[in-house]
Amino acid sequence: MRKLMKNVSHLVLPISVMVLLIIINLVKGADYFTITMINGALYGNIPNILFGASELVILSIGMTLVTAASRGQDISIGESATISSAVFVWFVLRSGEATPVTIIVGFLLSCVVGLGLGAFNGILVSIFKVQPMVASLILFTGGRSIAFMIDGKLSPILANDISNRIGTVIPGIPIQTPVILTVVFIALFAVLLKTTTLRLYVETVGINPNAARLNGINPKKVIFLTFLIMGFCSAVAGFIAVNKAGRHDSVNLLKNIMMDAILAVAIGGNSLGGGTFSITGSIIGAYTIEMLNRTLLRLEIEPAMIKVFKAIFIVILMVVASPVVRDFIKKVLDRNRTRKEE
Amino acid sequence: MLSETILEMKDISKSFPGVKALDGVDFKLREGEIHALMGENGAGKSTLIKVITGVYEKDAGLITLHGKPIHFRSPQEAQNNGIGTVYQEIMLCPNLTVAENMFIGRSHTPIVNWKEMNEKAARLLDSLGIPASPIQELSTCSIAVQQMIAIARAVDMDCRILILDEPTSSLDEDEVQKLFELMRALKAQGVGIIFITHFLEQVYEISDRITVLRNGKLIGEYKTSSLPQIELISKMLGSELEDISTIRKHEPVASDAGIPVFEAVGLSSAAGVRPFDFTIHKGEVNGFAGLLGSGRSESVRAIFAADKVTGGEVRIHGKRVKIKTPLHAIKHGIGYLPEDRKGDGIIEDLSVRDNIILTLQVLKGLFKPFSLKEAEKFAEEYIKKLNIKTPTSNTPIRSLSGGNQQKVILARWLLTNLEYLILDEPTRGIDVGTKVEIQKLVIRLASGGMSLTFISSEIDEMLRTCSRLIVMKDREIVGELRGTDLTENDVMHMIAQGGKS
């Protein structure tokens with residue numbers, strides 16, 4: 001019970017934002033939760049959010065770990081995803097006809113590339129002590145050109161049945177495939193955190209690397225490991241994104257998604273300065289961001305204005321969640337309590 | 001003697017949710033007086049200071065300054081009224097010059113007259129006898145001088161009251177003396193000084209009066225000359241007093257006999273300690289004595305491989321082993337409680353439970369996490385064993401007092417079932433009650449067969465616990481003292497003579 005309370009207190013912010021967005025949506029139209037069945041698959045506002053947020057959720061998980069251990073952020077995740085998915089597309093197209101085997105081998109190959117890109121950032125940060133943001137700036141800058149070189153041309157088309165099914169739905173299953181993949185991915189991480197001491201190591205390194213070392217933990221290895229995991233997350237996100245799109249647009253694929261991923265980590269109640277972390281918070285944060293995007297669309301705000309509204313919303317959110325306001329509210333509550341006692 | 005009252009506090013109370021931090025406390029500060037404020041951690045010293053300086057708002061009571069009632073809402077306001085405060089950690093900017101540090105944020109014009117500022121700083125430094133140049137970068141000054149510059153900054157603005165909150169905890173003996181000279185100079189100018197410290201010797205050396213607080217209540221105000229040390233301790237501890245003199249060092253059972261638990265030959269590290277030899281036997285307690293900076297911490301850090309080991313051979317139970325990282329040392333049953341509790345010891349934001357199981361968990365490995373139930377069992381066991389005062393095992397360690405944090409780190413090591421434990425200044429900056437507990441624990445562990453190295457800046461603590469003292473000076477071992485009838489003088493003598501005696 002105590003543990004439950006502790007977990008919940010972290011999630012007050014993302015959950016209350018979500019509730020607020022739901023209320024706004026319900027005021028706009030009571031049909032918000034309506035789900036319809038089209039061609040044997042579920043469609044509606046909620047399924048769309050789950051579908052749309054898949055890549056962001058996966059990337060937010062990796063970003064949470066990187067942030068917690070290295071006290072910095074990886075800004076090259078969209079580019080890493082673009083490079084690794086370019087390798088996937090290259091392999092599938094090169095193999096001629098797409099079969100389950102070529103798709104799986106292509107996916108595994110892209111995962112290896114993703115791990116390699118993560119290792120690149122990880123070595124710069126852990127061994128050469130480059131600031132995470134600066135280290136990942138390298139891939140951020142050059143990543144899309146590398147992906148273009150792998151593609152060999154602009155936007156190669158990935159037109160095959162299997163990709164179509166991975167990116168949308170598998171006939172007979174009512175839930176969209178990316179949603180299922182995301183759930184599997186989350187479960188994988190739940191198992192990872194449950195069966196290893198990763199959380200304790202990452203948090204210890206993020207809070208006090210000196211003390212971690214004196215207690216037998218190698219901070220370099222732990223930081224490297226989080227970047228490796230981040231690379232894996234990027235590969236999976238790229239795989240989903242490219243199958244959704246049906247073509248590999250090296251210029252726009254998952255462009256600027258690191259901003260949303262960092263935001264998801266922050267909304268999830270995590271400190272961007274590292275230390276203790278909540279992956280549940282980041283996941284809810286990622287879905288909240290997608291919900292916000294779609295809410296603004298639903299409110300029929302002019303597309304050109306959407307970003308302005310998003311920015312305003314985020315500013316308000318961050319101010320409300322800031323320590324200054326939190327302490328103020330606490331102070332007021334305490335004062336009321338002591339007054340009552342008197 | 002000047003004896004006009006500057007600051008008078010009457011019947012001050014301050015509550016926090018669930019705690020009465022101050023309960024009807026009176027305090028009086030006279031002109032030209034050094035007044036020590038004493039009490040264990042949690043006695044209310046800091047709260048009282050924060051009420052004076054306007055960090056906290058008092059719930060009840062009256063504060064008068066020069067007979068006029070005052071009510072400060074911010075530290076800035078207190079400072080403008082002549083109350084300067086210097087804290088334990090130096091809160092200056094190391095990359096600015098001395099003069100900049102003294103006057104930064106003081107000017108009301110956007111344009112700085114550098115020449116005037118530097119001249120003013122030079123005058124002030126000179127008048128206080130601080131050996132620093134105004135144009136020197138602060139980081140090039142020693143810690144003691146930086147501390148003095150912080151004081152100079154505080155006294156500059158026509159200061160009548162100076163509050164020093166543990167200014168000496170990171171200074172060595174020489175530096176403390178320099179600081180005391182400065183305090184005496186200010187005293188002669190009529191400044192009233194409130195002095196907080198954990199070092200009893202210093203209180204007796206410098207203070208005129210002592211006010212003792214316990215559990216937020218005033219115990220009394222005394223003239224230092226008429227309050228014997230043992231009585232002061234008993235007033236601070238209250239009924240919990242156990243005469244420290246009852247701690248007796250155990251007689252080493254098998255010292256020097258048989259194969260040593262740990263043995264090093266020609267050990268040296270990147271931290272710059274000269275190659276040294278060291279042995280410790282089963283059940284032995286020894287210590288490194290010497291002034292701060294003599295190399296005692298560097299030596300034990302070399303044993304634990306906390307700094308990069310650059311040479312030497314290490315044997316455990318006579319067998320040659322390689323200890324290149326702390327993890328190797330831990331695997332060979334060596335534990336190390338670091339000097340800097342906050343920087344190297346605690347994992348601030350993690351719970352007491354996670355802090356206790358940390359090292360054992362590392363030994364067990366990445367793929368074998370303890371279940372919450374197991375971890376809870378370990379934590380509860382040691383919270384009870386070491387009498388750690390924490391609301392729950394789930395409380396973040398940062399909200400515990402210094403003494404209890406130290407006990408958590410002790411628990412962390414004891415849980416790993418080690419053979420040899422190194423304690424570097426385990427009693428620094430913690431309350432007297434816990435100091436006594438830790439010394440007793442050291443002796444109890446040694447009787448149980450553990451080998452320990454105990455380092456403390458307070459030599460009498462080492463004399464009580466260690467059967468052998470290794471004396472260091474200038475990063476070199478200059479001699480060794482053993483026997484049960486050693487006195488502080490013997491140690492001082494050896495340090496002074498540099499082992500030539």
# chains A, B, ... in the order shown; residues from 1 in each chain; ligands from 1
call {"tool": "residues_around", "arguments": {"residues": "A:Arg71", "least_positions_apart": "6", "cutoff": "8 Å", "atoms": "only C-alpha atoms", "output": "number ranges by chain"}}
result
A: 206, 272-275
call {"tool": "residues_around", "arguments": {"residues": "stretch 376-384 of chain B", "least_positions_apart": "5", "cutoff": "7 Å", "atoms": "only C-alpha atoms", "output": "ChimeraX atom specification"}}
result
/B:353,356,393,411
call {"tool": "residues_around", "arguments": {"residues": "stretch 307-311 of chain A", "least_positions_apart": "4", "cutoff": "8 Å", "atoms": "only C-alpha atoms", "output": "ChimeraX atom specification"}}
result
/A:292-293,296,315
call {"tool": "atom_distance", "arguments": {"atom1": "atom CA of A:Ser54", "atom2": "atom CA of A:Ala81"}}
result
13.4 Å
call {"tool": "interface_residues", "arguments": {"of": "chain B", "to": "chain A", "cutoff": "10 Å", "atoms": "only C-alpha atoms", "output": "ChimeraX atom specification"}}
result
/B:15-18,301,304-307,325-331,335-338,340-350,354-355,358-372,394,412-413
call {"tool": "write_last_selection", "arguments": {"atoms": "N, CA and C atoms", "output": "compact mmCIF listing (two decimals), in the first residue's frame"}}
result
# COMPACT_ATOMS: atom_id res chain seq x y z
N SER B 15 6.89 26.03 15.03
CA SER B 15 6.47 24.65 14.78
C SER B 15 6.51 24.36 13.30
N PHE B 16 6.85 23.12 13.00
CA PHE B 16 6.65 22.60 11.66
C PHE B 16 5.60 21.52 11.79
N PRO B 17 4.93 21.17 10.70
CA PRO B 17 3.90 20.13 10.82
C PRO B 17 4.46 18.91 11.56
N GLY B 18 3.88 18.61 12.71
CA GLY B 18 4.30 17.43 13.43
C GLY B 18 5.45 17.60 14.42
N ARG B 301 42.19 5.38 1.10
CA ARG B 301 41.58 5.31 -0.24
C ARG B 301 42.42 4.43 -1.17
N PHE B 304 41.59 0.81 -0.49
CA PHE B 304 40.29 0.42 -1.05
C PHE B 304 40.26 0.60 -2.57
N ALA B 305 41.33 1.14 -3.14
CA ALA B 305 41.40 1.45 -4.57
C ALA B 305 40.35 2.48 -4.98
N ALA B 306 40.04 3.39 -4.05
CA ALA B 306 39.09 4.45 -4.37
C ALA B 306 39.74 5.46 -5.32
N ASP B 307 41.05 5.65 -5.17
CA ASP B 307 41.81 6.41 -6.17
C ASP B 307 42.58 5.38 -6.99
N THR B 325 40.01 -1.79 -8.44
CA THR B 325 38.81 -0.97 -8.35
C THR B 325 38.13 -1.24 -7.01
N PRO B 326 37.26 -0.32 -6.59
CA PRO B 326 36.53 -0.58 -5.34
C PRO B 326 35.80 -1.92 -5.36
N LEU B 327 35.29 -2.31 -6.53
CA LEU B 327 34.56 -3.58 -6.60
C LEU B 327 35.46 -4.76 -6.21
N HIS B 328 36.72 -4.75 -6.66
CA HIS B 328 37.65 -5.81 -6.25
C HIS B 328 37.79 -5.83 -4.73
N ALA B 329 37.97 -4.64 -4.15
CA ALA B 329 38.14 -4.56 -2.70
C ALA B 329 36.91 -5.13 -1.98
N ILE B 330 35.74 -4.74 -2.47
CA ILE B 330 34.49 -5.21 -1.84
C ILE B 330 34.41 -6.72 -1.93
N LYS B 331 34.77 -7.26 -3.09
CA LYS B 331 34.71 -8.72 -3.27
C LYS B 331 35.68 -9.45 -2.34
N GLY B 335 35.51 -3.01 3.29
CA GLY B 335 34.49 -1.96 3.20
C GLY B 335 35.11 -0.61 3.50
N TYR B 336 34.51 0.45 2.98
CA TYR B 336 35.09 1.79 3.16
C TYR B 336 33.99 2.81 3.36
N LEU B 337 33.98 3.42 4.51
CA LEU B 337 33.03 4.50 4.77
C LEU B 337 33.77 5.81 4.51
N PRO B 338 33.37 6.54 3.44
CA PRO B 338 34.17 7.69 3.03
C PRO B 338 34.01 8.90 3.95
N ASP B 340 33.66 12.03 3.02
CA ASP B 340 32.65 12.98 2.55
C ASP B 340 31.31 12.25 2.42
N ARG B 341 30.55 12.29 3.49
CA ARG B 341 29.31 11.52 3.54
C ARG B 341 28.37 11.89 2.40
N LYS B 342 28.23 13.18 2.18
CA LYS B 342 27.26 13.64 1.18
C LYS B 342 27.75 13.39 -0.24
N GLY B 343 29.02 13.63 -0.49
CA GLY B 343 29.54 13.52 -1.85
C GLY B 343 29.84 12.10 -2.28
N ASP B 344 30.25 11.24 -1.32
CA ASP B 344 30.70 9.90 -1.69
C ASP B 344 29.88 8.78 -1.04
N GLY B 345 29.07 9.13 -0.07
CA GLY B 345 28.43 8.07 0.71
C GLY B 345 26.97 7.83 0.38
N ILE B 346 26.14 8.79 0.69
CA ILE B 346 24.70 8.55 0.58
C ILE B 346 24.22 8.71 -0.86
N ILE B 347 23.16 7.99 -1.19
CA ILE B 347 22.46 8.20 -2.45
C ILE B 347 21.20 8.97 -2.05
N GLU B 348 21.34 10.27 -2.04
CA GLU B 348 20.36 11.20 -1.46
C GLU B 348 18.89 10.85 -1.63
N ASP B 349 18.50 10.65 -2.91
CA ASP B 349 17.07 10.54 -3.19
C ASP B 349 16.53 9.13 -3.00
N LEU B 350 17.42 8.17 -2.78
CA LEU B 350 16.91 6.82 -2.60
C LEU B 350 16.52 6.60 -1.14
N ASP B 354 16.93 1.14 0.18
CA ASP B 354 17.81 0.97 -0.98
C ASP B 354 19.25 1.32 -0.63
N ASN B 355 19.43 2.33 0.22
CA ASN B 355 20.77 2.70 0.62
C ASN B 355 21.44 1.60 1.44
N LEU B 358 22.25 -1.55 -1.01
CA LEU B 358 22.99 -1.25 -2.25
C LEU B 358 24.20 -2.14 -2.52
N THR B 359 25.15 -2.15 -1.59
CA THR B 359 26.40 -2.85 -1.86
C THR B 359 26.20 -4.37 -1.91
N LEU B 360 25.37 -4.88 -1.03
CA LEU B 360 25.10 -6.32 -1.06
C LEU B 360 24.46 -6.70 -2.39
N GLN B 361 23.58 -5.82 -2.88
CA GLN B 361 22.93 -6.07 -4.16
C GLN B 361 23.95 -6.07 -5.30
N VAL B 362 24.90 -5.16 -5.24
CA VAL B 362 25.94 -5.11 -6.27
C VAL B 362 26.75 -6.40 -6.25
N LEU B 363 27.05 -6.89 -5.04
CA LEU B 363 27.80 -8.15 -4.93
C LEU B 363 27.01 -9.31 -5.51
N LYS B 364 25.69 -9.26 -5.32
CA LYS B 364 24.85 -10.37 -5.75
C LYS B 364 24.70 -10.37 -7.27
N GLY B 365 24.69 -9.20 -7.87
CA GLY B 365 24.70 -9.15 -9.33
C GLY B 365 23.47 -8.55 -9.96
N LEU B 366 23.66 -8.20 -11.24
CA LEU B 366 22.63 -7.49 -12.00
C LEU B 366 21.36 -8.31 -12.19
N PHE B 367 21.53 -9.63 -12.29
CA PHE B 367 20.36 -10.43 -12.64
C PHE B 367 19.70 -11.10 -11.44
N LYS B 368 20.13 -10.74 -10.24
CA LYS B 368 19.51 -11.34 -9.05
C LYS B 368 19.03 -10.27 -8.08
N PRO B 369 18.01 -9.51 -8.47
CA PRO B 369 17.57 -8.46 -7.55
C PRO B 369 16.89 -9.06 -6.32
N PHE B 370 17.07 -8.37 -5.20
CA PHE B 370 16.33 -8.76 -4.00
C PHE B 370 14.86 -8.43 -4.19
N SER B 371 13.99 -9.27 -3.69
CA SER B 371 12.58 -8.92 -3.69
C SER B 371 12.38 -7.83 -2.65
N LEU B 372 11.28 -7.12 -2.79
CA LEU B 372 11.00 -6.04 -1.84
C LEU B 372 10.98 -6.60 -0.42
N ASN B 394 11.30 3.36 4.01
CA ASN B 394 11.04 3.88 2.67
C ASN B 394 11.34 5.37 2.57
N ARG B 412 25.02 -0.51 5.54
CA ARG B 412 25.27 -0.97 4.19
C ARG B 412 26.50 -1.89 4.17
N TRP B 413 27.55 -1.49 4.88
CA TRP B 413 28.78 -2.29 4.88
C TRP B 413 28.65 -3.52 5.75
call {"tool": "atom_distance", "arguments": {"atom1": "atom CA of A:Ser110", "atom2": "atom CA of A:Ser84"}}
result
4.6 Å
call {"tool": "select_by_dssp", "arguments": {"residues": "stretch 27-161 of chain A", "states": "helix (DSSP H, G or I)", "output": "ChimeraX atom specification"}}
result
/A:27-28,30-33,45-52,54-70,77-94,100-126,132-151,161
call {"tool": "write_last_selection", "arguments": {"atoms": "C-alpha atoms", "output": "mmCIF file, in the first residue's frame"}}
result
data_model
loop_
_atom_site.group_PDB
_atom_site.id
_atom_site.type_symbol
_atom_site.label_atom_id
_atom_site.label_comp_id
_atom_site.auth_asym_id
_atom_site.auth_seq_id
_atom_site.Cartn_x
_atom_site.Cartn_y
_atom_site.Cartn_z
ATOM 1 C CA VAL A 27 -17.334 19.291 -23.590
ATOM 2 C CA LYS A 28 -16.543 19.586 -27.284
ATOM 3 C CA ALA A 30 -19.983 13.705 -25.919
ATOM 4 C CA ASP A 31 -19.001 11.127 -28.529
ATOM 5 C CA TYR A 32 -15.330 11.276 -27.504
ATOM 6 C CA PHE A 33 -15.138 7.718 -26.259
ATOM 7 C CA ASN A 45 -10.458 8.783 -30.686
ATOM 8 C CA ILE A 46 -8.888 6.529 -28.090
ATOM 9 C CA PRO A 47 -7.646 3.835 -30.504
ATOM 10 C CA ASN A 48 -6.212 6.631 -32.665
ATOM 11 C CA ILE A 49 -4.265 8.049 -29.738
ATOM 12 C CA LEU A 50 -2.898 4.621 -28.847
ATOM 13 C CA PHE A 51 -1.985 4.077 -32.496
ATOM 14 C CA GLY A 52 -0.421 7.478 -33.031
ATOM 15 C CA SER A 54 3.335 4.109 -30.408
ATOM 16 C CA GLU A 55 6.753 5.386 -31.489
ATOM 17 C CA LEU A 56 6.740 8.196 -28.944
ATOM 18 C CA VAL A 57 5.971 5.811 -26.087
ATOM 19 C CA ILE A 58 8.817 3.499 -27.053
ATOM 20 C CA LEU A 59 11.287 6.369 -27.412
ATOM 21 C CA SER A 60 10.176 7.919 -24.118
ATOM 22 C CA ILE A 61 11.083 4.723 -22.284
ATOM 23 C CA GLY A 62 14.646 4.875 -23.597
ATOM 24 C CA MET A 63 14.841 8.606 -22.985
ATOM 25 C CA THR A 64 13.780 8.084 -19.372
ATOM 26 C CA LEU A 65 16.683 5.730 -18.727
ATOM 27 C CA VAL A 66 19.236 7.909 -20.532
ATOM 28 C CA THR A 67 18.063 10.970 -18.615
ATOM 29 C CA ALA A 68 18.127 9.183 -15.272
ATOM 30 C CA ALA A 69 21.657 7.807 -15.627
ATOM 31 C CA SER A 70 23.502 10.443 -17.666
ATOM 32 C CA ILE A 77 16.721 9.488 -31.451
ATOM 33 C CA GLY A 78 14.693 10.467 -34.525
ATOM 34 C CA GLU A 79 17.823 10.262 -36.681
ATOM 35 C CA SER A 80 18.898 6.945 -35.151
ATOM 36 C CA ALA A 81 15.445 5.588 -35.923
ATOM 37 C CA THR A 82 15.708 6.887 -39.502
ATOM 38 C CA ILE A 83 19.119 5.271 -40.080
ATOM 39 C CA SER A 84 18.172 1.906 -38.595
ATOM 40 C CA SER A 85 14.882 1.798 -40.510
ATOM 41 C CA ALA A 86 16.780 2.707 -43.696
ATOM 42 C CA VAL A 87 18.811 -0.442 -43.173
ATOM 43 C CA PHE A 88 15.587 -2.404 -42.672
ATOM 44 C CA VAL A 89 14.090 -1.023 -45.898
ATOM 45 C CA TRP A 90 17.338 -1.559 -47.783
ATOM 46 C CA PHE A 91 17.463 -5.204 -46.727
ATOM 47 C CA VAL A 92 13.801 -5.924 -47.512
ATOM 48 C CA LEU A 93 13.920 -4.258 -50.941
ATOM 49 C CA ARG A 94 17.224 -5.892 -51.808
ATOM 50 C CA PRO A 100 8.166 -13.018 -42.994
ATOM 51 C CA VAL A 101 11.770 -14.177 -42.926
ATOM 52 C CA THR A 102 13.146 -11.150 -44.788
ATOM 53 C CA ILE A 103 11.065 -8.830 -42.610
ATOM 54 C CA ILE A 104 12.319 -10.430 -39.394
ATOM 55 C CA VAL A 105 15.941 -10.562 -40.527
ATOM 56 C CA GLY A 106 15.659 -6.973 -41.726
ATOM 57 C CA PHE A 107 14.233 -5.952 -38.361
ATOM 58 C CA LEU A 108 17.010 -7.721 -36.452
ATOM 59 C CA LEU A 109 19.577 -6.079 -38.716
ATOM 60 C CA SER A 110 18.076 -2.664 -37.989
ATOM 61 C CA CYS A 111 18.221 -3.459 -34.258
ATOM 62 C CA VAL A 112 21.943 -4.188 -34.564
ATOM 63 C CA VAL A 113 22.403 -0.845 -36.315
ATOM 64 C CA GLY A 114 20.335 0.879 -33.615
ATOM 65 C CA LEU A 115 22.485 -0.697 -30.895
ATOM 66 C CA GLY A 116 25.577 0.448 -32.764
ATOM 67 C CA LEU A 117 24.321 4.026 -32.941
ATOM 68 C CA GLY A 118 23.448 3.882 -29.233
ATOM 69 C CA ALA A 119 26.924 2.561 -28.510
ATOM 70 C CA PHE A 120 28.425 5.448 -30.478
ATOM 71 C CA ASN A 121 26.609 8.016 -28.341
ATOM 72 C CA GLY A 122 27.225 5.948 -25.214
ATOM 73 C CA ILE A 123 30.992 5.804 -25.726
ATOM 74 C CA LEU A 124 31.166 9.555 -26.288
ATOM 75 C CA VAL A 125 29.189 10.226 -23.127
ATOM 76 C CA SER A 126 30.560 7.588 -20.758
ATOM 77 C CA PRO A 132 24.858 13.893 -23.824
ATOM 78 C CA MET A 133 23.224 16.638 -25.843
ATOM 79 C CA VAL A 134 26.471 17.577 -27.547
ATOM 80 C CA ALA A 135 27.402 13.946 -28.180
ATOM 81 C CA SER A 136 24.060 13.205 -29.800
ATOM 82 C CA LEU A 137 24.246 16.447 -31.771
ATOM 83 C CA ILE A 138 26.636 14.618 -34.121
ATOM 84 C CA LEU A 139 24.078 12.031 -35.221
ATOM 85 C CA PHE A 140 21.330 14.643 -35.059
ATOM 86 C CA THR A 141 23.213 16.689 -37.626
ATOM 87 C CA GLY A 142 24.461 13.955 -39.924
ATOM 88 C CA GLY A 143 21.966 11.159 -39.335
ATOM 89 C CA ARG A 144 19.444 11.953 -42.060
ATOM 90 C CA SER A 145 22.164 12.265 -44.707
ATOM 91 C CA ILE A 146 23.494 8.861 -43.714
ATOM 92 C CA ALA A 147 19.966 7.458 -44.010
ATOM 93 C CA PHE A 148 19.587 9.052 -47.450
ATOM 94 C CA MET A 149 22.826 7.451 -48.583
ATOM 95 C CA ILE A 150 21.561 4.041 -47.458
ATOM 96 C CA ASP A 151 18.264 4.646 -49.257
ATOM 97 C CA ASP A 161 1.385 -7.004 -47.476
#
call {"tool": "residues_around", "arguments": {"residues": "A:Ser278", "least_positions_apart": "4", "cutoff": "8 Å", "atoms": "only C-alpha atoms", "output": "list of chain:residue names"}}
result
A:His10, A:Thr64, A:Gly268, A:Gly269, A:Asn270, A:Ser282
call {"tool": "select_by_dssp", "arguments": {"residues": "stretch 157-332 of chain B", "states": "strand (DSSP E)", "output": "VMD selection string"}}
result
chain B and resid 161 to 165 192 to 196 209 to 214 217 to 223 262 to 269 273 to 280 285 to 289 309 to 316 319 to 321
call {"tool": "atom_distance", "arguments": {"atom1": "atom CA of B:Ser74", "atom2": "atom CA of B:Ala152"}}
result
20.6 Å
call {"tool": "residues_around", "arguments": {"residues": "B:Ile90", "least_positions_apart": "5", "cutoff": "8 Å", "atoms": "only C-alpha atoms", "output": "list in words"}}
result
Gln146, Gln147 and Ala150 of chain B
call {"tool": "write_last_selection", "arguments": {"atoms": "C-alpha atoms", "output": "PDB file, in the first residue's frame"}}
result
ATOM      1  CA  GLN B 146      37.847  31.512   1.420  1.00  0.00           C
ATOM      2  CA  GLN B 147      35.958  31.046   4.657  1.00  0.00           C
ATOM      3  CA  ALA B 150      32.977  34.915   3.320  1.00  0.00           C
TER       4      ALA B 150
END
call {"tool": "residues_around", "arguments": {"residues": "stretch 39-49 of chain B", "least_positions_apart": "2", "cutoff": "6 Å", "atoms": "only C-alpha atoms", "output": "PyMOL selection string"}}
result
chain B and resi 21+51-52+212-216+236+431
call {"tool": "write_last_selection", "arguments": {"atoms": "N, CA and C atoms", "output": "mmCIF file, in the first residue's frame"}}
result
data_model
loop_
_atom_site.group_PDB
_atom_site.id
_atom_site.type_symbol
_atom_site.label_atom_id
_atom_site.label_comp_id
_atom_site.auth_asym_id
_atom_site.auth_seq_id
_atom_site.Cartn_x
_atom_site.Cartn_y
_atom_site.Cartn_z
ATOM 1 N N ALA B 21 9.809 22.706 16.759
ATOM 2 C CA ALA B 21 11.257 22.853 16.606
ATOM 3 C C ALA B 21 11.846 23.769 17.664
ATOM 4 N N VAL B 51 15.401 31.742 12.311
ATOM 5 C CA VAL B 51 14.402 32.698 12.792
ATOM 6 C C VAL B 51 15.042 34.092 12.901
ATOM 7 N N ILE B 52 16.291 34.126 13.398
ATOM 8 C CA ILE B 52 16.969 35.427 13.517
ATOM 9 C C ILE B 52 17.137 36.058 12.144
ATOM 10 N N VAL B 212 22.806 26.238 25.639
ATOM 11 C CA VAL B 212 22.540 24.852 25.258
ATOM 12 C C VAL B 212 21.053 24.667 24.955
ATOM 13 N N LEU B 213 20.773 24.060 23.821
ATOM 14 C CA LEU B 213 19.394 23.716 23.454
ATOM 15 C C LEU B 213 19.271 22.199 23.418
ATOM 16 N N ARG B 214 18.098 21.715 23.744
ATOM 17 C CA ARG B 214 17.844 20.283 23.590
ATOM 18 C C ARG B 214 16.376 20.088 23.223
ATOM 19 N N ASN B 215 16.133 19.359 22.167
ATOM 20 C CA ASN B 215 14.774 19.092 21.690
ATOM 21 C C ASN B 215 13.925 20.351 21.591
ATOM 22 N N GLY B 216 14.515 21.425 21.102
ATOM 23 C CA GLY B 216 13.769 22.660 20.904
ATOM 24 C C GLY B 216 13.549 23.483 22.159
ATOM 25 N N MET B 236 23.829 18.587 26.920
ATOM 26 C CA MET B 236 23.415 18.423 25.526
ATOM 27 C C MET B 236 22.660 17.113 25.314
ATOM 28 N N ASP B 431 26.082 14.288 15.762
ATOM 29 C CA ASP B 431 25.842 14.654 17.150
ATOM 30 C C ASP B 431 26.619 13.759 18.116
#
call {"tool": "closest_residue", "arguments": {"among": "A:Pro219, A:Val325, A:Gly238, A:Leu225", "to": "A:Lys255", "atoms": "only C-alpha atoms"}}
result
A:Gly238
call {"tool": "residues_around", "arguments": {"residues": "B:Asp165", "least_positions_apart": "4", "cutoff": "7 Å", "atoms": "only C-alpha atoms", "output": "count of residues only"}}
result
6
call {"tool": "closest_residue", "arguments": {"among": "B:Thr392, B:Ser297, B:Ser351, B:Ser133", "to": "B:Glu425", "atoms": "only C-alpha atoms"}}
result
B:Ser297
call {"tool": "decode", "arguments": {"residues": "stretch 394-403 of chain B", "atoms": "N, CA and C atoms", "output": "PDB file, in the first residue's frame"}}
result
ATOM      1  N   ASN B 394      11.303   3.360   4.006  1.00  0.00           N
ATOM      2  CA  ASN B 394      11.044   3.876   2.667  1.00  0.00           C
ATOM      3  C   ASN B 394      11.340   5.374   2.567  1.00  0.00           C
ATOM      4  N   THR B 395      11.686   5.988   3.701  1.00  0.00           N
ATOM      5  CA  THR B 395      11.978   7.429   3.727  1.00  0.00           C
ATOM      6  C   THR B 395      13.265   7.706   2.954  1.00  0.00           C
ATOM      7  N   PRO B 396      13.291   8.757   2.123  1.00  0.00           N
ATOM      8  CA  PRO B 396      14.542   9.099   1.450  1.00  0.00           C
ATOM      9  C   PRO B 396      15.616   9.442   2.479  1.00  0.00           C
ATOM     10  N   ILE B 397      16.841   8.991   2.227  1.00  0.00           N
ATOM     11  CA  ILE B 397      17.912   9.156   3.226  1.00  0.00           C
ATOM     12  C   ILE B 397      18.223  10.620   3.468  1.00  0.00           C
ATOM     13  N   ARG B 398      17.966  11.474   2.479  1.00  0.00           N
ATOM     14  CA  ARG B 398      18.341  12.883   2.643  1.00  0.00           C
ATOM     15  C   ARG B 398      17.560  13.569   3.767  1.00  0.00           C
ATOM     16  N   SER B 399      16.399  13.011   4.154  1.00  0.00           N
ATOM     17  CA  SER B 399      15.639  13.668   5.211  1.00  0.00           C
ATOM     18  C   SER B 399      16.065  13.209   6.601  1.00  0.00           C
ATOM     19  N   LEU B 400      17.100  12.355   6.689  1.00  0.00           N
ATOM     20  CA  LEU B 400      17.599  11.934   8.001  1.00  0.00           C
ATOM     21  C   LEU B 400      18.680  12.892   8.489  1.00  0.00           C
ATOM     22  N   SER B 401      18.936  12.881   9.789  1.00  0.00           N
ATOM     23  CA  SER B 401      20.019  13.713  10.313  1.00  0.00           C
ATOM     24  C   SER B 401      21.356  13.077   9.942  1.00  0.00           C
ATOM     25  N   GLY B 402      22.430  13.876  10.042  1.00  0.00           N
ATOM     26  CA  GLY B 402      23.754  13.401   9.642  1.00  0.00           C
ATOM     27  C   GLY B 402      24.157  12.106  10.326  1.00  0.00           C
ATOM     28  N   GLY B 403      23.919  12.036  11.621  1.00  0.00           N
ATOM     29  CA  GLY B 403      24.305  10.847  12.375  1.00  0.00           C
ATOM     30  C   GLY B 403      23.575   9.610  11.897  1.00  0.00           C
TER      31      GLY B 403
END
